[in-house]
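Have a look at the structure below before the remarks.
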Amino acid sequence: MDKCQRDLLRSVVVQCRTILEESLGYVLEGDFGVDAKGYVEDESMLPHLDVDDLAARRVVVDHLSHFQAAGATPAQAVERAVREAAFTHLNRLCAYKMLERRKVIRETVSRGTDSDGFKFYLADRPKEELLWTSGRQDLAYRHFLTWRAESLSDQISVLFSPNEIANYLLPQH
């Protein structure tokens with residue numbers, strides 16, 4: 001790659017990371033009740049969260065507490081969580097694309113919810129297909145991406161670790 005191509009690639013990566021960080025920040029504050037300064041809203045103030053969302057929120061809040069126990073301020077903990085999740089999501093998207101191109105996995109992200117891998121996933125899982133047909137395509141696709149990450153965690157554990165904060169803090173749809 002020449003310098004112009006490297007600069008263009010760097011610019012695209014920074015833009016993508018910024019978009020992901022903004023989206024994750026909105027989810028953290030708007031859905032999970034954790035603002036950029038690290039203030040954590042009481043769960044009782046978040047009636048819009050279902051059981052699964054509350055469980056994900058608890059994992060994220062635990063991650064924030066872990067960062068704070070290591071010396072981060074509440075605001076630094078939020079910033080670190082958002083940055084780590086954004087990098088993980090970006091790296092996973094790139095990995096999915098590379099694995100698709102090499103035919104290691106079925107198409108996962110190239111055509112989003114129209115990807116062949118997602119269609120096969122739905123066909124094998126009636127509950128997920130029901131989510132799809134009932135208008136919750138975003139949730140079914142998120143479940144698919146989580147399943148895909150879990151299926152790759154043994155081979156590429158660093159990127160697809162089930163303990164990653166990115167598994168619980170997902171960008172907006």
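Quick note on naming: the chains in the structure tokens go A, B, ... in the order shown, residues restart at 1 in each chain, and ligands are numbered from 1 in order of appearance.
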Which residues are close to stretch 102-106 of chain A, i.e. within 10 Å by only C-alpha atoms, leaving aside same-chain residues fewer than 6 positions away? Reply as a PyMOL selection string. chain A and resi 96+115-120+148+152
Just write the chosen residues, N, CA and C atoms, as a PDB file, in the first residue's frame.
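Result file is selection.pdb:
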ATOM      1  N   TYR A  96     -15.281 -10.632   9.904  1.00  0.00           N
ATOM      2  CA  TYR A  96     -16.376 -11.304   9.215  1.00  0.00           C
ATOM      3  C   TYR A  96     -16.220 -11.179   7.703  1.00  0.00           C
ATOM      4  N   SER A 115     -28.052 -11.361   4.222  1.00  0.00           N
ATOM      5  CA  SER A 115     -26.915 -12.262   4.061  1.00  0.00           C
ATOM      6  C   SER A 115     -27.364 -13.718   4.155  1.00  0.00           C
ATOM      7  N   ASP A 116     -26.727 -14.558   3.345  1.00  0.00           N
ATOM      8  CA  ASP A 116     -27.089 -15.979   3.309  1.00  0.00           C
ATOM      9  C   ASP A 116     -26.930 -16.657   4.664  1.00  0.00           C
ATOM     10  N   GLY A 117     -25.865 -16.342   5.364  1.00  0.00           N
ATOM     11  CA  GLY A 117     -25.644 -16.955   6.672  1.00  0.00           C
ATOM     12  C   GLY A 117     -26.775 -16.657   7.638  1.00  0.00           C
ATOM     13  N   PHE A 118     -27.285 -15.441   7.591  1.00  0.00           N
ATOM     14  CA  PHE A 118     -28.395 -15.060   8.462  1.00  0.00           C
ATOM     15  C   PHE A 118     -29.659 -15.821   8.083  1.00  0.00           C
ATOM     16  N   LYS A 119     -29.896 -16.006   6.781  1.00  0.00           N
ATOM     17  CA  LYS A 119     -31.074 -16.751   6.333  1.00  0.00           C
ATOM     18  C   LYS A 119     -31.017 -18.200   6.800  1.00  0.00           C
ATOM     19  N   PHE A 120     -29.828 -18.818   6.714  1.00  0.00           N
ATOM     20  CA  PHE A 120     -29.670 -20.188   7.209  1.00  0.00           C
ATOM     21  C   PHE A 120     -29.891 -20.247   8.716  1.00  0.00           C
ATOM     22  N   ARG A 148     -22.743 -15.985  15.907  1.00  0.00           N
ATOM     23  CA  ARG A 148     -21.579 -16.091  15.020  1.00  0.00           C
ATOM     24  C   ARG A 148     -20.296 -15.859  15.823  1.00  0.00           C
ATOM     25  N   LEU A 152     -17.108 -18.601  16.709  1.00  0.00           N
ATOM     26  CA  LEU A 152     -15.720 -18.360  16.334  1.00  0.00           C
ATOM     27  C   LEU A 152     -14.800 -18.184  17.541  1.00  0.00           C
TER      28      LEU A 152
END
I'd like the contact shell of stretch 23-34 of chain A - 12 Å cut-off, only C-alpha atoms, skipping same-chain residues fewer than 4 positions apart - returned as a PyMOL selection string. chain A and resi 16-19+38-50+52-61+64+74-75+77-89+165-173
Would you mind exporting N, CA and C atoms of the selected residues as a compact mmCIF listing (two decimals), in the first residue's frame?
# COMPACT_ATOMS: atom_id res chain seq x y z
N CYS A 16 -15.18 5.40 11.00
CA CYS A 16 -16.01 4.27 11.44
C CYS A 16 -16.00 4.14 12.95
N ARG A 17 -14.82 4.25 13.54
CA ARG A 17 -14.71 4.14 15.00
C ARG A 17 -15.49 5.26 15.67
N THR A 18 -15.42 6.47 15.13
CA THR A 18 -16.15 7.60 15.70
C THR A 18 -17.66 7.36 15.65
N ILE A 19 -18.15 6.86 14.53
CA ILE A 19 -19.58 6.55 14.39
C ILE A 19 -19.99 5.48 15.40
N GLY A 38 -20.37 8.98 33.87
CA GLY A 38 -20.32 7.76 34.66
C GLY A 38 -21.44 7.61 35.66
N TYR A 39 -22.41 8.53 35.62
CA TYR A 39 -23.55 8.39 36.52
C TYR A 39 -24.40 7.22 36.04
N VAL A 40 -24.72 6.30 36.95
CA VAL A 40 -25.49 5.10 36.63
C VAL A 40 -26.89 5.24 37.23
N GLU A 41 -27.88 5.34 36.37
CA GLU A 41 -29.28 5.44 36.78
C GLU A 41 -29.72 4.14 37.46
N ASP A 42 -30.60 4.25 38.44
CA ASP A 42 -31.14 3.08 39.09
C ASP A 42 -31.98 2.28 38.09
N GLU A 43 -31.89 0.96 38.17
CA GLU A 43 -32.63 0.10 37.23
C GLU A 43 -34.13 0.36 37.23
N SER A 44 -34.66 0.76 38.37
CA SER A 44 -36.10 1.00 38.45
C SER A 44 -36.55 2.15 37.55
N MET A 45 -35.61 2.97 37.13
CA MET A 45 -35.91 4.10 36.25
C MET A 45 -35.83 3.71 34.76
N LEU A 46 -35.64 2.42 34.50
CA LEU A 46 -35.46 1.96 33.12
C LEU A 46 -36.48 0.88 32.77
N PRO A 47 -37.77 1.21 32.84
CA PRO A 47 -38.81 0.19 32.60
C PRO A 47 -38.84 -0.33 31.16
N HIS A 48 -38.18 0.35 30.24
CA HIS A 48 -38.17 -0.07 28.85
C HIS A 48 -37.26 -1.27 28.59
N LEU A 49 -36.42 -1.62 29.56
CA LEU A 49 -35.49 -2.73 29.37
C LEU A 49 -36.16 -4.06 29.73
N ASP A 50 -36.03 -5.04 28.85
CA ASP A 50 -36.55 -6.37 29.16
C ASP A 50 -35.51 -7.14 29.96
N ASP A 52 -33.45 -9.56 29.19
CA ASP A 52 -32.16 -9.71 28.51
C ASP A 52 -31.38 -8.39 28.50
N ASP A 53 -32.09 -7.29 28.26
CA ASP A 53 -31.44 -5.98 28.26
C ASP A 53 -30.90 -5.64 29.64
N LEU A 54 -31.68 -5.94 30.68
CA LEU A 54 -31.22 -5.69 32.05
C LEU A 54 -29.98 -6.52 32.37
N ALA A 55 -29.95 -7.75 31.91
CA ALA A 55 -28.78 -8.60 32.15
C ALA A 55 -27.55 -8.02 31.44
N ALA A 56 -27.73 -7.55 30.21
CA ALA A 56 -26.63 -6.94 29.47
C ALA A 56 -26.16 -5.67 30.17
N ARG A 57 -27.10 -4.88 30.64
CA ARG A 57 -26.77 -3.65 31.35
C ARG A 57 -25.94 -3.95 32.60
N ARG A 58 -26.32 -4.97 33.32
CA ARG A 58 -25.59 -5.34 34.55
C ARG A 58 -24.15 -5.73 34.23
N VAL A 59 -23.95 -6.44 33.14
CA VAL A 59 -22.60 -6.82 32.75
C VAL A 59 -21.79 -5.56 32.40
N VAL A 60 -22.40 -4.64 31.68
CA VAL A 60 -21.71 -3.39 31.31
C VAL A 60 -21.38 -2.59 32.56
N VAL A 61 -22.32 -2.45 33.48
CA VAL A 61 -22.08 -1.71 34.72
C VAL A 61 -20.97 -2.38 35.53
N LEU A 64 -17.74 -1.38 34.04
CA LEU A 64 -17.39 -0.02 34.45
C LEU A 64 -16.81 -0.03 35.87
N PRO A 74 -15.14 7.57 37.02
CA PRO A 74 -16.34 7.09 36.34
C PRO A 74 -16.39 7.51 34.86
N ALA A 75 -16.03 8.74 34.56
CA ALA A 75 -16.04 9.21 33.17
C ALA A 75 -15.00 8.46 32.33
N ALA A 77 -13.95 5.45 32.89
CA ALA A 77 -14.45 4.09 32.73
C ALA A 77 -15.44 4.00 31.57
N VAL A 78 -16.33 4.98 31.49
CA VAL A 78 -17.29 5.01 30.38
C VAL A 78 -16.55 5.18 29.06
N GLU A 79 -15.62 6.09 29.01
CA GLU A 79 -14.87 6.33 27.78
C GLU A 79 -14.12 5.06 27.36
N ARG A 80 -13.51 4.38 28.31
CA ARG A 80 -12.77 3.16 28.00
C ARG A 80 -13.71 2.06 27.50
N ALA A 81 -14.84 1.90 28.14
CA ALA A 81 -15.80 0.87 27.73
C ALA A 81 -16.29 1.13 26.31
N VAL A 82 -16.63 2.37 26.03
CA VAL A 82 -17.12 2.73 24.70
C VAL A 82 -16.03 2.52 23.66
N ARG A 83 -14.83 2.94 23.97
CA ARG A 83 -13.72 2.79 23.01
C ARG A 83 -13.42 1.32 22.75
N GLU A 84 -13.33 0.52 23.81
CA GLU A 84 -13.05 -0.91 23.64
C GLU A 84 -14.13 -1.61 22.83
N ALA A 85 -15.38 -1.31 23.14
CA ALA A 85 -16.48 -1.94 22.40
C ALA A 85 -16.47 -1.51 20.94
N ALA A 86 -16.20 -0.24 20.68
CA ALA A 86 -16.16 0.25 19.30
C ALA A 86 -15.05 -0.45 18.51
N PHE A 87 -13.86 -0.54 19.09
CA PHE A 87 -12.76 -1.22 18.41
C PHE A 87 -13.11 -2.69 18.15
N THR A 88 -13.70 -3.34 19.13
CA THR A 88 -14.05 -4.75 18.96
C THR A 88 -15.07 -4.92 17.85
N HIS A 89 -16.11 -4.08 17.83
CA HIS A 89 -17.12 -4.20 16.77
C HIS A 89 -16.50 -3.95 15.40
N ILE A 165 -16.88 -6.80 26.47
CA ILE A 165 -17.96 -5.85 26.73
C ILE A 165 -18.79 -5.62 25.46
N ALA A 166 -18.18 -5.80 24.31
CA ALA A 166 -18.89 -5.60 23.04
C ALA A 166 -20.05 -6.57 22.86
N ASN A 167 -20.02 -7.70 23.55
CA ASN A 167 -21.13 -8.65 23.47
C ASN A 167 -22.38 -8.12 24.14
N TYR A 168 -22.23 -7.14 24.99
CA TYR A 168 -23.35 -6.61 25.78
C TYR A 168 -23.67 -5.16 25.42
N LEU A 169 -22.70 -4.45 24.90
CA LEU A 169 -22.89 -3.06 24.50
C LEU A 169 -22.83 -3.03 22.97
N LEU A 170 -24.02 -3.04 22.37
CA LEU A 170 -24.13 -3.14 20.91
C LEU A 170 -24.57 -1.81 20.31
N PRO A 171 -24.05 -1.48 19.12
CA PRO A 171 -24.45 -0.23 18.47
C PRO A 171 -25.95 -0.23 18.16
N GLN A 172 -26.47 0.98 17.98
CA GLN A 172 -27.87 1.12 17.60
C GLN A 172 -28.07 0.47 16.24
N HIS A 173 -29.29 0.03 16.01
CA HIS A 173 -29.61 -0.59 14.73
C HIS A 173 -29.96 0.45 13.69
Distance query A:Lys97 at most 9 Å, only C-alpha atoms, self and fewer than 6 positions along chain excluded, as a list in words: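 The residues that qualify are Glu107, Thr108, Val109 and Ser110 of chain A.
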Got time to write the residues from that selection, C-alpha atoms, as a compact mmCIF listing (two decimals), in the first residue's frame?
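Wrote it out as part.txt, contents follow:
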# COMPACT_ATOMS: atom_id res chain seq x y z
CA GLU A 107 -22.05 -14.55 4.33
CA THR A 108 -22.63 -12.71 7.62
CA VAL A 109 -22.37 -8.95 7.14
CA SER A 110 -21.94 -8.21 3.44
Have a look at A:Leu122, A:Leu145, A:Val51, A:Leu90 and name the one nearest to A:Val14; count only C-alpha atoms.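 Checking each of A:Leu122, A:Leu145, A:Val51, A:Leu90 against A:Val14, counting only C-alpha atoms, the winner is A:Leu90.
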Shell of 9 Å around A:Ala149, only C-alpha atoms, local chain residues under 6 positions omitted, as a compact mmCIF listing (two decimals) with N, CA and C atoms, in the first residue's frame:
# COMPACT_ATOMS: atom_id res chain seq x y z
N ARG A 92 -14.38 -6.92 14.47
CA ARG A 92 -15.21 -8.08 14.15
C ARG A 92 -15.82 -7.94 12.76
N LEU A 159 -10.51 -11.98 19.65
CA LEU A 159 -11.49 -11.10 19.02
C LEU A 159 -12.93 -11.47 19.37
N PHE A 160 -13.20 -12.75 19.55
CA PHE A 160 -14.57 -13.19 19.75
C PHE A 160 -14.82 -13.75 21.15
N SER A 161 -14.06 -13.28 22.11
CA SER A 161 -14.21 -13.74 23.49
C SER A 161 -15.62 -13.49 23.99
N PRO A 162 -16.23 -14.47 24.65
CA PRO A 162 -17.58 -14.27 25.19
C PRO A 162 -17.61 -13.29 26.36
N ASN A 167 -20.02 -7.70 23.55
CA ASN A 167 -21.13 -8.65 23.47
C ASN A 167 -22.38 -8.12 24.14
Those of stretch 28-133 of chain A in DSSP helix (DSSP H, G or I), formatted as a PyMOL selection string: chain A and resi 28-31+43-45+51-69+74-101+112-114+116-124+126-133
Identify, on the basis of only C-alpha atoms, every residue whose closest approach to stretch 126-132 of chain A does not exceed 12 Å; exclude the query and any residue fewer than 3 positions from it along the same chain; express the result as a list of chain:residue names.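 Counting only C-alpha atoms, the residues come to A:Thr113, A:Asp114, A:Phe118, A:Lys119, A:Phe120, A:Tyr121, A:Leu122, A:Ala123, A:Gly135, A:Arg136, A:Gln137, A:Asp138, A:Leu139, A:Ala140, A:Tyr141, A:Arg142, A:His143, A:Phe144, A:Trp147.
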My list of candidates is A:Ala72, A:Leu93, A:Ala36, A:Met98. Which is closest to A:Glu21 when distances are computed with only C-alpha atoms?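 Once distances to A:Glu21 are computed over only C-alpha atoms, the minimum belongs to A:Ala36.
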Between atom CA of A:Arg111 and atom CA of A:Asp2 - distance in Å to one decimal: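 Those two atoms sit 29.4 Å apart.
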